[in-house]
$ cat final_0.cif   # mmCIF, N, CA and C atoms
data_model
#
loop_
_atom_site.label_atom_id
_atom_site.label_comp_id
_atom_site.auth_asym_id
_atom_site.auth_seq_id
_atom_site.Cartn_x
_atom_site.Cartn_y
_atom_site.Cartn_z
N PHE M 1 46.79 -4.01 4.80
CA PHE M 1 45.53 -4.62 4.45
C PHE M 1 45.38 -6.01 5.05
N GLN M 2 46.10 -6.25 6.15
CA GLN M 2 45.95 -7.53 6.82
C GLN M 2 44.66 -7.57 7.63
N PHE M 3 44.20 -6.42 8.08
CA PHE M 3 42.94 -6.31 8.80
C PHE M 3 42.09 -5.33 8.02
N PHE M 4 40.93 -5.78 7.58
CA PHE M 4 40.14 -4.98 6.65
C PHE M 4 39.30 -3.93 7.36
N ASN M 5 38.89 -4.21 8.59
CA ASN M 5 38.12 -3.26 9.40
C ASN M 5 36.90 -2.72 8.66
N LEU M 6 36.22 -3.59 7.93
CA LEU M 6 34.96 -3.20 7.29
C LEU M 6 33.87 -3.22 8.35
N ILE M 7 32.94 -2.32 8.23
CA ILE M 7 31.84 -2.24 9.19
C ILE M 7 30.74 -3.18 8.73
N PRO M 8 30.45 -4.23 9.51
CA PRO M 8 29.54 -5.28 9.04
C PRO M 8 28.11 -4.81 8.78
N LEU M 9 27.67 -3.75 9.44
CA LEU M 9 26.30 -3.27 9.26
C LEU M 9 26.15 -2.37 8.03
N LEU M 10 27.26 -2.03 7.39
CA LEU M 10 27.22 -1.19 6.19
C LEU M 10 27.47 -2.03 4.95
N THR M 11 26.85 -1.63 3.85
CA THR M 11 27.12 -2.31 2.58
C THR M 11 28.54 -1.97 2.12
N VAL M 12 28.98 -2.66 1.10
CA VAL M 12 30.30 -2.39 0.53
C VAL M 12 30.40 -0.92 0.12
N GLU M 13 29.40 -0.43 -0.61
CA GLU M 13 29.44 0.97 -1.05
C GLU M 13 29.44 1.92 0.14
N GLU M 14 28.64 1.63 1.15
CA GLU M 14 28.61 2.49 2.34
C GLU M 14 29.96 2.47 3.06
N ASN M 15 30.63 1.32 3.10
CA ASN M 15 31.96 1.24 3.69
C ASN M 15 32.94 2.13 2.93
N LEU M 16 32.83 2.15 1.60
CA LEU M 16 33.71 3.01 0.80
C LEU M 16 33.40 4.48 1.02
N LEU M 17 32.12 4.80 1.16
CA LEU M 17 31.72 6.20 1.29
C LEU M 17 31.93 6.76 2.70
N LEU M 18 32.11 5.89 3.69
CA LEU M 18 32.24 6.36 5.07
C LEU M 18 33.34 7.41 5.24
N PRO M 19 34.56 7.20 4.73
CA PRO M 19 35.58 8.25 4.90
C PRO M 19 35.18 9.58 4.26
N LEU M 20 34.50 9.51 3.13
CA LEU M 20 34.04 10.74 2.48
C LEU M 20 32.95 11.39 3.32
N ASP M 21 32.03 10.57 3.82
CA ASP M 21 30.93 11.08 4.63
C ASP M 21 31.44 11.77 5.89
N LEU M 22 32.46 11.19 6.51
CA LEU M 22 33.02 11.79 7.72
C LEU M 22 33.65 13.16 7.44
N ASN M 23 34.01 13.39 6.19
CA ASN M 23 34.58 14.67 5.79
C ASN M 23 33.60 15.54 5.01
N GLY M 24 32.33 15.15 5.02
CA GLY M 24 31.30 15.92 4.33
C GLY M 24 31.43 15.91 2.82
N LEU M 25 31.99 14.84 2.26
CA LEU M 25 32.24 14.78 0.82
C LEU M 25 31.49 13.66 0.11
N ALA M 26 30.54 13.03 0.78
CA ALA M 26 29.82 11.89 0.19
C ALA M 26 28.69 12.39 -0.71
N ASP M 27 29.06 13.03 -1.82
CA ASP M 27 28.08 13.52 -2.78
C ASP M 27 28.04 12.58 -3.98
N ASP M 28 27.38 13.02 -5.07
CA ASP M 28 27.29 12.18 -6.27
C ASP M 28 28.66 11.85 -6.84
N LYS M 29 29.61 12.80 -6.75
CA LYS M 29 30.97 12.52 -7.23
C LYS M 29 31.62 11.42 -6.39
N GLY M 30 31.36 11.45 -5.09
CA GLY M 30 31.91 10.42 -4.21
C GLY M 30 31.34 9.04 -4.52
N VAL M 31 30.04 9.00 -4.78
CA VAL M 31 29.40 7.73 -5.15
C VAL M 31 29.99 7.22 -6.46
N ALA M 32 30.16 8.12 -7.42
CA ALA M 32 30.75 7.72 -8.70
C ALA M 32 32.18 7.21 -8.51
N ARG M 33 32.94 7.88 -7.66
CA ARG M 33 34.32 7.43 -7.39
C ARG M 33 34.32 6.06 -6.71
N ALA M 34 33.43 5.86 -5.75
CA ALA M 34 33.34 4.56 -5.07
C ALA M 34 33.03 3.46 -6.07
N ARG M 35 32.09 3.70 -6.95
CA ARG M 35 31.72 2.68 -7.94
C ARG M 35 32.86 2.43 -8.93
N ALA M 36 33.57 3.48 -9.31
CA ALA M 36 34.71 3.32 -10.22
C ALA M 36 35.82 2.50 -9.54
N LEU M 37 36.06 2.76 -8.26
CA LEU M 37 37.08 2.00 -7.54
C LEU M 37 36.67 0.54 -7.39
N LEU M 38 35.40 0.29 -7.12
CA LEU M 38 34.93 -1.09 -7.04
C LEU M 38 35.15 -1.80 -8.37
N ASP M 39 34.91 -1.10 -9.45
CA ASP M 39 35.16 -1.66 -10.77
C ASP M 39 36.65 -1.97 -10.94
N ARG M 40 37.50 -1.04 -10.53
CA ARG M 40 38.96 -1.22 -10.68
C ARG M 40 39.49 -2.41 -9.88
N VAL M 41 38.86 -2.72 -8.76
CA VAL M 41 39.32 -3.86 -7.96
C VAL M 41 38.50 -5.13 -8.25
N GLY M 42 37.72 -5.10 -9.33
CA GLY M 42 36.99 -6.29 -9.76
C GLY M 42 35.73 -6.59 -8.99
N LEU M 43 35.12 -5.59 -8.38
CA LEU M 43 33.91 -5.81 -7.59
C LEU M 43 32.73 -4.98 -8.08
N ALA M 44 32.71 -4.65 -9.35
CA ALA M 44 31.58 -3.89 -9.91
C ALA M 44 30.29 -4.67 -9.64
N GLY M 45 29.26 -3.95 -9.23
CA GLY M 45 27.98 -4.58 -8.96
C GLY M 45 27.85 -5.19 -7.58
N ARG M 46 28.88 -5.11 -6.76
CA ARG M 46 28.83 -5.69 -5.42
C ARG M 46 28.61 -4.64 -4.34
N GLY M 47 28.32 -3.41 -4.73
CA GLY M 47 28.17 -2.32 -3.78
C GLY M 47 27.07 -2.52 -2.76
N ASP M 48 26.02 -3.27 -3.12
CA ASP M 48 24.91 -3.51 -2.20
C ASP M 48 25.13 -4.72 -1.29
N SER M 49 26.23 -5.42 -1.47
CA SER M 49 26.53 -6.59 -0.64
C SER M 49 27.05 -6.14 0.73
N PHE M 50 26.85 -7.00 1.70
CA PHE M 50 27.41 -6.77 3.03
C PHE M 50 28.72 -7.54 3.16
N PRO M 51 29.65 -7.05 3.96
CA PRO M 51 30.96 -7.69 4.08
C PRO M 51 30.92 -9.19 4.37
N GLU M 52 29.96 -9.62 5.19
CA GLU M 52 29.90 -11.05 5.54
C GLU M 52 29.60 -11.94 4.34
N ARG M 53 29.07 -11.35 3.28
CA ARG M 53 28.76 -12.11 2.07
C ARG M 53 29.94 -12.19 1.10
N LEU M 54 31.05 -11.56 1.47
CA LEU M 54 32.22 -11.52 0.60
C LEU M 54 33.29 -12.49 1.09
N SER M 55 34.08 -12.99 0.17
CA SER M 55 35.23 -13.81 0.55
C SER M 55 36.29 -12.91 1.19
N GLY M 56 37.30 -13.52 1.79
CA GLY M 56 38.39 -12.74 2.38
C GLY M 56 39.08 -11.88 1.35
N GLY M 57 39.31 -12.43 0.16
CA GLY M 57 39.95 -11.66 -0.90
C GLY M 57 39.10 -10.49 -1.36
N GLU M 58 37.78 -10.70 -1.43
CA GLU M 58 36.89 -9.60 -1.82
C GLU M 58 36.87 -8.52 -0.74
N GLN M 59 36.86 -8.93 0.52
CA GLN M 59 36.91 -7.95 1.60
C GLN M 59 38.21 -7.15 1.54
N GLN M 60 39.30 -7.81 1.22
CA GLN M 60 40.58 -7.11 1.11
C GLN M 60 40.52 -6.08 -0.01
N ARG M 61 39.90 -6.42 -1.12
CA ARG M 61 39.79 -5.47 -2.23
C ARG M 61 38.90 -4.29 -1.88
N VAL M 62 37.85 -4.52 -1.08
CA VAL M 62 37.02 -3.41 -0.60
C VAL M 62 37.87 -2.49 0.28
N ALA M 63 38.68 -3.07 1.16
CA ALA M 63 39.55 -2.27 2.03
C ALA M 63 40.54 -1.45 1.20
N ILE M 64 41.07 -2.03 0.13
CA ILE M 64 41.98 -1.30 -0.75
C ILE M 64 41.25 -0.15 -1.42
N ALA M 65 40.06 -0.41 -1.94
CA ALA M 65 39.28 0.65 -2.58
C ALA M 65 38.97 1.77 -1.59
N ARG M 66 38.61 1.40 -0.36
CA ARG M 66 38.31 2.42 0.66
C ARG M 66 39.54 3.26 0.96
N ALA M 67 40.71 2.63 0.98
CA ALA M 67 41.95 3.37 1.24
C ALA M 67 42.25 4.37 0.12
N LEU M 68 41.74 4.10 -1.06
CA LEU M 68 42.01 4.97 -2.21
C LEU M 68 40.92 6.01 -2.46
N ILE M 69 39.84 5.97 -1.71
CA ILE M 69 38.67 6.82 -1.99
C ILE M 69 39.00 8.31 -1.95
N HIS M 70 39.93 8.73 -1.10
CA HIS M 70 40.31 10.15 -1.01
C HIS M 70 41.43 10.52 -1.98
N ASP M 71 41.83 9.57 -2.83
CA ASP M 71 42.91 9.80 -3.81
C ASP M 71 44.16 10.31 -3.10
N PRO M 72 44.69 9.54 -2.15
CA PRO M 72 45.83 10.01 -1.35
C PRO M 72 47.11 10.12 -2.16
N ALA M 73 47.96 11.05 -1.77
CA ALA M 73 49.27 11.21 -2.42
C ALA M 73 50.22 10.09 -2.01
N LEU M 74 50.06 9.57 -0.80
CA LEU M 74 50.88 8.48 -0.28
C LEU M 74 49.98 7.30 0.06
N ILE M 75 50.29 6.15 -0.49
CA ILE M 75 49.51 4.94 -0.23
C ILE M 75 50.40 3.98 0.54
N LEU M 76 50.00 3.67 1.78
CA LEU M 76 50.72 2.71 2.62
C LEU M 76 49.99 1.37 2.50
N ALA M 77 50.64 0.39 1.91
CA ALA M 77 50.00 -0.89 1.64
C ALA M 77 50.73 -2.02 2.36
N ASP M 78 50.09 -2.57 3.38
CA ASP M 78 50.67 -3.67 4.16
C ASP M 78 50.11 -4.98 3.61
N GLU M 79 50.93 -5.74 2.92
CA GLU M 79 50.53 -7.02 2.31
C GLU M 79 49.26 -6.86 1.47
N PRO M 80 49.26 -5.99 0.46
CA PRO M 80 48.04 -5.72 -0.30
C PRO M 80 47.52 -6.89 -1.12
N THR M 81 48.33 -7.93 -1.32
CA THR M 81 47.89 -9.07 -2.11
C THR M 81 47.83 -10.35 -1.29
N GLY M 82 47.93 -10.23 0.02
CA GLY M 82 48.06 -11.39 0.89
C GLY M 82 46.96 -12.43 0.80
N ASN M 83 45.73 -12.04 0.58
CA ASN M 83 44.61 -12.98 0.55
C ASN M 83 44.02 -13.15 -0.85
N LEU M 84 44.78 -12.78 -1.86
CA LEU M 84 44.23 -12.76 -3.22
C LEU M 84 44.83 -13.86 -4.08
N ASP M 85 44.02 -14.36 -5.02
CA ASP M 85 44.55 -15.32 -5.99
C ASP M 85 45.47 -14.56 -6.94
N ALA M 86 46.23 -15.30 -7.73
CA ALA M 86 47.28 -14.70 -8.56
C ALA M 86 46.73 -13.66 -9.53
N ASP M 87 45.60 -13.94 -10.18
CA ASP M 87 45.05 -13.00 -11.15
C ASP M 87 44.56 -11.71 -10.48
N THR M 88 43.87 -11.86 -9.37
CA THR M 88 43.36 -10.69 -8.65
C THR M 88 44.52 -9.89 -8.08
N ALA M 89 45.53 -10.58 -7.56
CA ALA M 89 46.72 -9.89 -7.03
C ALA M 89 47.38 -9.08 -8.13
N ALA M 90 47.49 -9.65 -9.32
CA ALA M 90 48.08 -8.92 -10.44
C ALA M 90 47.28 -7.67 -10.76
N GLY M 91 45.95 -7.75 -10.67
CA GLY M 91 45.10 -6.59 -10.92
C GLY M 91 45.31 -5.49 -9.88
N VAL M 92 45.44 -5.88 -8.61
CA VAL M 92 45.68 -4.90 -7.55
C VAL M 92 47.05 -4.25 -7.73
N LEU M 93 48.05 -5.05 -8.05
CA LEU M 93 49.39 -4.49 -8.28
C LEU M 93 49.38 -3.55 -9.48
N ASP M 94 48.62 -3.91 -10.51
CA ASP M 94 48.50 -3.03 -11.68
C ASP M 94 47.86 -1.71 -11.30
N LEU M 95 46.82 -1.76 -10.47
CA LEU M 95 46.16 -0.54 -10.00
C LEU M 95 47.14 0.33 -9.22
N LEU M 96 47.88 -0.25 -8.30
CA LEU M 96 48.85 0.53 -7.51
C LEU M 96 49.95 1.09 -8.40
N ASP M 97 50.40 0.29 -9.38
CA ASP M 97 51.43 0.75 -10.31
C ASP M 97 50.91 1.91 -11.16
N THR M 98 49.67 1.81 -11.62
CA THR M 98 49.06 2.89 -12.41
C THR M 98 48.97 4.16 -11.59
N LEU M 99 48.55 4.03 -10.33
CA LEU M 99 48.46 5.21 -9.46
C LEU M 99 49.83 5.85 -9.28
N ALA M 100 50.85 5.03 -9.14
CA ALA M 100 52.20 5.56 -8.94
C ALA M 100 52.72 6.23 -10.21
N ARG M 101 52.57 5.59 -11.34
CA ARG M 101 53.18 6.08 -12.57
C ARG M 101 52.36 7.15 -13.29
N GLU M 102 51.04 6.98 -13.32
CA GLU M 102 50.21 7.91 -14.08
C GLU M 102 49.62 9.02 -13.23
N ALA M 103 49.34 8.72 -11.97
CA ALA M 103 48.72 9.73 -11.11
C ALA M 103 49.72 10.36 -10.17
N GLY M 104 50.98 9.97 -10.27
CA GLY M 104 52.02 10.59 -9.45
C GLY M 104 51.93 10.28 -7.97
N ARG M 105 51.33 9.15 -7.62
CA ARG M 105 51.21 8.78 -6.22
C ARG M 105 52.44 7.99 -5.79
N THR M 106 52.74 8.03 -4.51
CA THR M 106 53.81 7.23 -3.94
C THR M 106 53.18 6.04 -3.24
N VAL M 107 53.68 4.85 -3.55
CA VAL M 107 53.18 3.62 -2.92
C VAL M 107 54.31 3.02 -2.10
N LEU M 108 54.08 2.89 -0.81
CA LEU M 108 55.02 2.24 0.11
C LEU M 108 54.36 0.93 0.54
N MET M 109 54.98 -0.17 0.14
CA MET M 109 54.36 -1.47 0.32
C MET M 109 55.23 -2.37 1.20
N ALA M 110 54.60 -3.03 2.16
CA ALA M 110 55.28 -4.05 2.95
C ALA M 110 54.79 -5.40 2.45
N THR M 111 55.73 -6.31 2.16
CA THR M 111 55.34 -7.62 1.65
C THR M 111 56.43 -8.65 1.92
N HIS M 112 56.03 -9.91 1.88
CA HIS M 112 56.96 -11.03 1.93
C HIS M 112 56.99 -11.75 0.59
N SER M 113 56.18 -11.31 -0.35
CA SER M 113 56.02 -11.97 -1.64
C SER M 113 57.10 -11.54 -2.64
N ARG M 114 57.83 -12.50 -3.16
CA ARG M 114 58.85 -12.19 -4.17
C ARG M 114 58.23 -11.61 -5.43
N GLU M 115 57.02 -12.07 -5.78
CA GLU M 115 56.34 -11.54 -6.96
C GLU M 115 56.02 -10.06 -6.79
N VAL M 116 55.56 -9.70 -5.61
CA VAL M 116 55.23 -8.30 -5.34
C VAL M 116 56.51 -7.46 -5.31
N ILE M 117 57.55 -7.98 -4.70
CA ILE M 117 58.82 -7.26 -4.66
C ILE M 117 59.31 -6.96 -6.07
N GLY M 118 59.02 -7.86 -7.00
CA GLY M 118 59.48 -7.70 -8.38
C GLY M 118 58.94 -6.48 -9.10
N VAL M 119 57.83 -5.91 -8.63
CA VAL M 119 57.27 -4.73 -9.30
C VAL M 119 57.78 -3.42 -8.70
N ALA M 120 58.55 -3.51 -7.64
CA ALA M 120 59.00 -2.31 -6.93
C ALA M 120 60.10 -1.58 -7.68
N ASP M 121 60.09 -0.26 -7.58
CA ASP M 121 61.18 0.55 -8.12
C ASP M 121 62.39 0.51 -7.20
N ARG M 122 62.13 0.48 -5.90
CA ARG M 122 63.21 0.42 -4.90
C ARG M 122 62.81 -0.61 -3.86
N ILE M 123 63.81 -1.31 -3.34
CA ILE M 123 63.56 -2.37 -2.37
C ILE M 123 64.39 -2.10 -1.11
N PHE M 124 63.71 -2.17 0.02
CA PHE M 124 64.37 -1.99 1.31
C PHE M 124 64.06 -3.20 2.19
N THR M 125 65.00 -3.58 3.01
CA THR M 125 64.77 -4.60 4.03
C THR M 125 65.17 -4.01 5.38
N ILE M 126 64.70 -4.66 6.42
CA ILE M 126 65.10 -4.25 7.76
C ILE M 126 66.04 -5.32 8.30
N GLU M 127 67.24 -4.90 8.62
CA GLU M 127 68.24 -5.82 9.15
C GLU M 127 68.83 -5.26 10.44
N ARG M 128 68.68 -6.04 11.50
CA ARG M 128 69.17 -5.63 12.82
C ARG M 128 68.67 -4.23 13.20
N GLY M 129 67.43 -3.97 12.87
CA GLY M 129 66.82 -2.70 13.22
C GLY M 129 67.14 -1.55 12.30
N ALA M 130 67.89 -1.79 11.23
CA ALA M 130 68.25 -0.71 10.30
C ALA M 130 67.59 -0.95 8.94
N LEU M 131 67.20 0.14 8.30
CA LEU M 131 66.62 0.09 6.97
C LEU M 131 67.75 0.07 5.95
N VAL M 132 67.76 -0.97 5.10
CA VAL M 132 68.85 -1.17 4.14
C VAL M 132 68.26 -1.26 2.74
N GLU M 133 68.76 -0.44 1.81
CA GLU M 133 68.30 -0.54 0.43
C GLU M 133 69.00 -1.70 -0.26
N ARG M 134 68.24 -2.46 -1.02
CA ARG M 134 68.75 -3.62 -1.74
C ARG M 134 68.67 -3.36 -3.24
N PRO M 135 69.61 -3.91 -3.99
CA PRO M 135 69.53 -3.76 -5.45
C PRO M 135 68.38 -4.60 -6.01
N ARG M 136 67.83 -4.12 -7.11
CA ARG M 136 66.79 -4.90 -7.80
C ARG M 136 67.47 -6.07 -8.50
N CYS M 137 66.85 -7.21 -8.46
CA CYS M 137 67.44 -8.39 -9.11
C CYS M 137 66.88 -8.58 -10.50
#
$ encode --input "final_0.cif" --output "structure tokens"
Amino acid sequence: FQFFNLIPLLTVEENLLLPLDLNGLADDKGVARARALLDRVGLAGRGDSFPERLSGGEQQRVAIARALIHDPALILADEPTGNLDADTAAGVLDLLDTLAREAGRTVLMATHSREVIGVADRIFTIERGALVERPRC
């Protein structure tokens, strides 16, 4: 989520619905899911806004919601809290944790944040080109 890749000519809701639309799934259920995801990332009521009107943190949350629109089994999150204030970051981490624990999703997260590392079930680092599992502290 370091690069949000939101389409500036589309509203927030349209950006969320684009992946569904490309797969022929942008129906009323898709719209309801998009609005529910916006609510979950703290952007309820911002669906009609354009990306340029959003802060960097808000754009990041739209990108996160868009990544979740298809309810993927595997969520790859690259610095998902990088541009967020502490409270919003906690909300995003809570959402990812809920998806992992309650919805049975796998979340693979890359981060440099010790706070984010603290919520992980397993921790890996890359050392000299090798993936090494580290104990939780």
$ atom_distance --input "final_0.cif" --atom1 "atom CA of Leu95 of chain M" --atom2 "atom CA of Ile123 of chain M"
19.1 Å
$ resolve_selection --input "final_0.cif" --expression "the PyMOL selection byres ((chain M and resi 92) around 8)" --output "list in words"
Arg40, Val41, Gly42, Arg61, Pro80, Thr81, Ala86, Asp87, Thr88, Ala89, Ala90, Gly91, Leu93, Asp94, Leu95, Leu96, Asp97 and Thr98 of chain M
$ write_last_selection --input "final_0.cif" --atoms "N, CA and C atoms" --output "PDB file, keeping the file's coordinate frame"
ATOM      1  N   ARG M  40      37.500  -1.040 -10.530  1.00  0.00           N
ATOM      2  CA  ARG M  40      38.960  -1.220 -10.680  1.00  0.00           C
ATOM      3  C   ARG M  40      39.490  -2.410  -9.880  1.00  0.00           C
ATOM      4  N   VAL M  41      38.860  -2.720  -8.760  1.00  0.00           N
ATOM      5  CA  VAL M  41      39.320  -3.860  -7.960  1.00  0.00           C
ATOM      6  C   VAL M  41      38.500  -5.130  -8.250  1.00  0.00           C
ATOM      7  N   GLY M  42      37.720  -5.100  -9.330  1.00  0.00           N
ATOM      8  CA  GLY M  42      36.990  -6.290  -9.760  1.00  0.00           C
ATOM      9  C   GLY M  42      35.730  -6.590  -8.990  1.00  0.00           C
ATOM     10  N   ARG M  61      39.900  -6.420  -1.120  1.00  0.00           N
ATOM     11  CA  ARG M  61      39.790  -5.470  -2.230  1.00  0.00           C
ATOM     12  C   ARG M  61      38.900  -4.290  -1.880  1.00  0.00           C
ATOM     13  N   PRO M  80      49.260  -5.990   0.460  1.00  0.00           N
ATOM     14  CA  PRO M  80      48.040  -5.720  -0.300  1.00  0.00           C
ATOM     15  C   PRO M  80      47.520  -6.890  -1.120  1.00  0.00           C
ATOM     16  N   THR M  81      48.330  -7.930  -1.320  1.00  0.00           N
ATOM     17  CA  THR M  81      47.890  -9.070  -2.110  1.00  0.00           C
ATOM     18  C   THR M  81      47.830 -10.350  -1.290  1.00  0.00           C
ATOM     19  N   ALA M  86      46.230 -15.300  -7.730  1.00  0.00           N
ATOM     20  CA  ALA M  86      47.280 -14.700  -8.560  1.00  0.00           C
ATOM     21  C   ALA M  86      46.730 -13.660  -9.530  1.00  0.00           C
ATOM     22  N   ASP M  87      45.600 -13.940 -10.180  1.00  0.00           N
ATOM     23  CA  ASP M  87      45.050 -13.000 -11.150  1.00  0.00           C
ATOM     24  C   ASP M  87      44.560 -11.710 -10.480  1.00  0.00           C
ATOM     25  N   THR M  88      43.870 -11.860  -9.370  1.00  0.00           N
ATOM     26  CA  THR M  88      43.360 -10.690  -8.650  1.00  0.00           C
ATOM     27  C   THR M  88      44.520  -9.890  -8.080  1.00  0.00           C
ATOM     28  N   ALA M  89      45.530 -10.580  -7.560  1.00  0.00           N
ATOM     29  CA  ALA M  89      46.720  -9.890  -7.030  1.00  0.00           C
ATOM     30  C   ALA M  89      47.380  -9.080  -8.130  1.00  0.00           C
ATOM     31  N   ALA M  90      47.490  -9.650  -9.320  1.00  0.00           N
ATOM     32  CA  ALA M  90      48.080  -8.920 -10.440  1.00  0.00           C
ATOM     33  C   ALA M  90      47.280  -7.670 -10.760  1.00  0.00           C
ATOM     34  N   GLY M  91      45.950  -7.750 -10.670  1.00  0.00           N
ATOM     35  CA  GLY M  91      45.100  -6.590 -10.920  1.00  0.00           C
ATOM     36  C   GLY M  91      45.310  -5.490  -9.880  1.00  0.00           C
ATOM     37  N   LEU M  93      48.050  -5.050  -8.050  1.00  0.00           N
ATOM     38  CA  LEU M  93      49.390  -4.490  -8.280  1.00  0.00           C
ATOM     39  C   LEU M  93      49.380  -3.550  -9.480  1.00  0.00           C
ATOM     40  N   ASP M  94      48.620  -3.910 -10.510  1.00  0.00           N
ATOM     41  CA  ASP M  94      48.500  -3.030 -11.680  1.00  0.00           C
ATOM     42  C   ASP M  94      47.860  -1.710 -11.300  1.00  0.00           C
ATOM     43  N   LEU M  95      46.820  -1.760 -10.470  1.00  0.00           N
ATOM     44  CA  LEU M  95      46.160  -0.540 -10.000  1.00  0.00           C
ATOM     45  C   LEU M  95      47.140   0.330  -9.220  1.00  0.00           C
ATOM     46  N   LEU M  96      47.880  -0.250  -8.300  1.00  0.00           N
ATOM     47  CA  LEU M  96      48.850   0.530  -7.510  1.00  0.00           C
ATOM     48  C   LEU M  96      49.950   1.090  -8.400  1.00  0.00           C
ATOM     49  N   ASP M  97      50.400   0.290  -9.380  1.00  0.00           N
ATOM     50  CA  ASP M  97      51.430   0.750 -10.310  1.00  0.00           C
ATOM     51  C   ASP M  97      50.910   1.910 -11.160  1.00  0.00           C
ATOM     52  N   THR M  98      49.670   1.810 -11.620  1.00  0.00           N
ATOM     53  CA  THR M  98      49.060   2.890 -12.410  1.00  0.00           C
ATOM     54  C   THR M  98      48.970   4.160 -11.590  1.00  0.00           C
TER      55      THR M  98
END
$ select_by_dssp --input "final_0.cif" --residues "segment 13-121 of chain M" --states "alpha helix (DSSP H)" --output "ChimeraX atom specification"
/M:13-22,28-40,56-68,86-101,114-117
$ residues_around --input "final_0.cif" --residues "segment 105-116 of chain M" --least-positions-apart "5" --cutoff "6 Å" --atoms "all atoms listed in the file" --output "compact mmCIF listing (two decimals) with N, CA and C atoms, in the coordinates of the input"
# COMPACT_ATOMS: atom_id res chain seq x y z
N PRO M 72 44.69 9.54 -2.15
CA PRO M 72 45.83 10.01 -1.35
C PRO M 72 47.11 10.12 -2.16
N ALA M 73 47.96 11.05 -1.77
CA ALA M 73 49.27 11.21 -2.42
C ALA M 73 50.22 10.09 -2.01
N LEU M 74 50.06 9.57 -0.80
CA LEU M 74 50.88 8.48 -0.28
C LEU M 74 49.98 7.30 0.06
N ILE M 75 50.29 6.15 -0.49
CA ILE M 75 49.51 4.94 -0.23
C ILE M 75 50.40 3.98 0.54
N LEU M 76 50.00 3.67 1.78
CA LEU M 76 50.72 2.71 2.62
C LEU M 76 49.99 1.37 2.50
N ALA M 77 50.64 0.39 1.91
CA ALA M 77 50.00 -0.89 1.64
C ALA M 77 50.73 -2.02 2.36
N ASP M 78 50.09 -2.57 3.38
CA ASP M 78 50.67 -3.67 4.16
C ASP M 78 50.11 -4.98 3.61
N GLU M 79 50.93 -5.74 2.92
CA GLU M 79 50.53 -7.02 2.31
C GLU M 79 49.26 -6.86 1.47
N PRO M 80 49.26 -5.99 0.46
CA PRO M 80 48.04 -5.72 -0.30
C PRO M 80 47.52 -6.89 -1.12
N LEU M 99 48.55 4.03 -10.33
CA LEU M 99 48.46 5.21 -9.46
C LEU M 99 49.83 5.85 -9.28
N ALA M 100 50.85 5.03 -9.14
CA ALA M 100 52.20 5.56 -8.94
C ALA M 100 52.72 6.23 -10.21
$ residues_around --input "final_0.cif" --residues "Leu37 of chain M" --least-positions-apart "2" --cutoff "8 Å" --atoms "only N, CA and C atoms" --output "tab-separated table (two decimals) with N, CA and C atoms, in the coordinates of the input"
chain	number	residue	atom	x	y	z
M	31	VAL	N	30.04	9.00	-4.78
M	31	VAL	CA	29.40	7.73	-5.15
M	31	VAL	C	29.99	7.22	-6.46
M	32	ALA	N	30.16	8.12	-7.42
M	32	ALA	CA	30.75	7.72	-8.70
M	32	ALA	C	32.18	7.21	-8.51
M	33	ARG	N	32.94	7.88	-7.66
M	33	ARG	CA	34.32	7.43	-7.39
M	33	ARG	C	34.32	6.06	-6.71
M	34	ALA	N	33.43	5.86	-5.75
M	34	ALA	CA	33.34	4.56	-5.07
M	34	ALA	C	33.03	3.46	-6.07
M	35	ARG	N	32.09	3.70	-6.95
M	35	ARG	CA	31.72	2.68	-7.94
M	35	ARG	C	32.86	2.43	-8.93
M	39	ASP	N	34.91	-1.10	-9.45
M	39	ASP	CA	35.16	-1.66	-10.77
M	39	ASP	C	36.65	-1.97	-10.94
M	40	ARG	N	37.50	-1.04	-10.53
M	40	ARG	CA	38.96	-1.22	-10.68
M	40	ARG	C	39.49	-2.41	-9.88
M	41	VAL	N	38.86	-2.72	-8.76
M	41	VAL	CA	39.32	-3.86	-7.96
M	41	VAL	C	38.50	-5.13	-8.25
M	42	GLY	N	37.72	-5.10	-9.33
M	42	GLY	CA	36.99	-6.29	-9.76
M	42	GLY	C	35.73	-6.59	-8.99
M	43	LEU	N	35.12	-5.59	-8.38
M	43	LEU	CA	33.91	-5.81	-7.59
M	43	LEU	C	32.73	-4.98	-8.08
M	44	ALA	N	32.71	-4.65	-9.35
M	44	ALA	CA	31.58	-3.89	-9.91
M	44	ALA	C	30.29	-4.67	-9.64
M	61	ARG	N	39.90	-6.42	-1.12
M	61	ARG	CA	39.79	-5.47	-2.23
M	61	ARG	C	38.90	-4.29	-1.88
M	62	VAL	N	37.85	-4.52	-1.08
M	62	VAL	CA	37.02	-3.41	-0.60
M	62	VAL	C	37.87	-2.49	0.28
M	64	ILE	N	41.07	-2.03	0.13
M	64	ILE	CA	41.98	-1.30	-0.75
M	64	ILE	C	41.25	-0.15	-1.42
M	65	ALA	N	40.06	-0.41	-1.94
M	65	ALA	CA	39.28	0.65	-2.58
M	65	ALA	C	38.97	1.77	-1.59
M	66	ARG	N	38.61	1.40	-0.36
M	66	ARG	CA	38.31	2.42	0.66
M	66	ARG	C	39.54	3.26	0.96
M	68	LEU	N	41.74	4.10	-1.06
M	68	LEU	CA	42.01	4.97	-2.21
M	68	LEU	C	40.92	6.01	-2.46
M	69	ILE	N	39.84	5.97	-1.71
M	69	ILE	CA	38.67	6.82	-1.99
M	69	ILE	C	39.00	8.31	-1.95
$ residues_near_point --input "final_0.cif" --point "(35.1, 10.3, 1.2)" --cutoff "12 Å" --atoms "only C-alpha atoms" --output "ChimeraX atom specification"
/M:13-34,65-72
$ resolve_selection --input "final_0.cif" --expression "the PyMOL selection byres ((chain M and resi 50) around 8)" --output "MDAnalysis selection string"
chainID M and resid 7:13 46:49 51:54
$ atom_distance --input "final_0.cif" --atom1 "atom N of Phe124 of chain M" --atom2 "atom CA of Arg136 of chain M"
8.8 Å
$ atom_distance --input "final_0.cif" --atom1 "atom CA of Pro135 of chain M" --atom2 "atom N of Ile117 of chain M"
12.7 Å
$ select_by_dssp --input "final_0.cif" --residues "segment 20-131 of chain M" --states "strand (DSSP E)" --output "PyMOL selection string"
chain M and resi 74-78+106-110+123-127+130-131
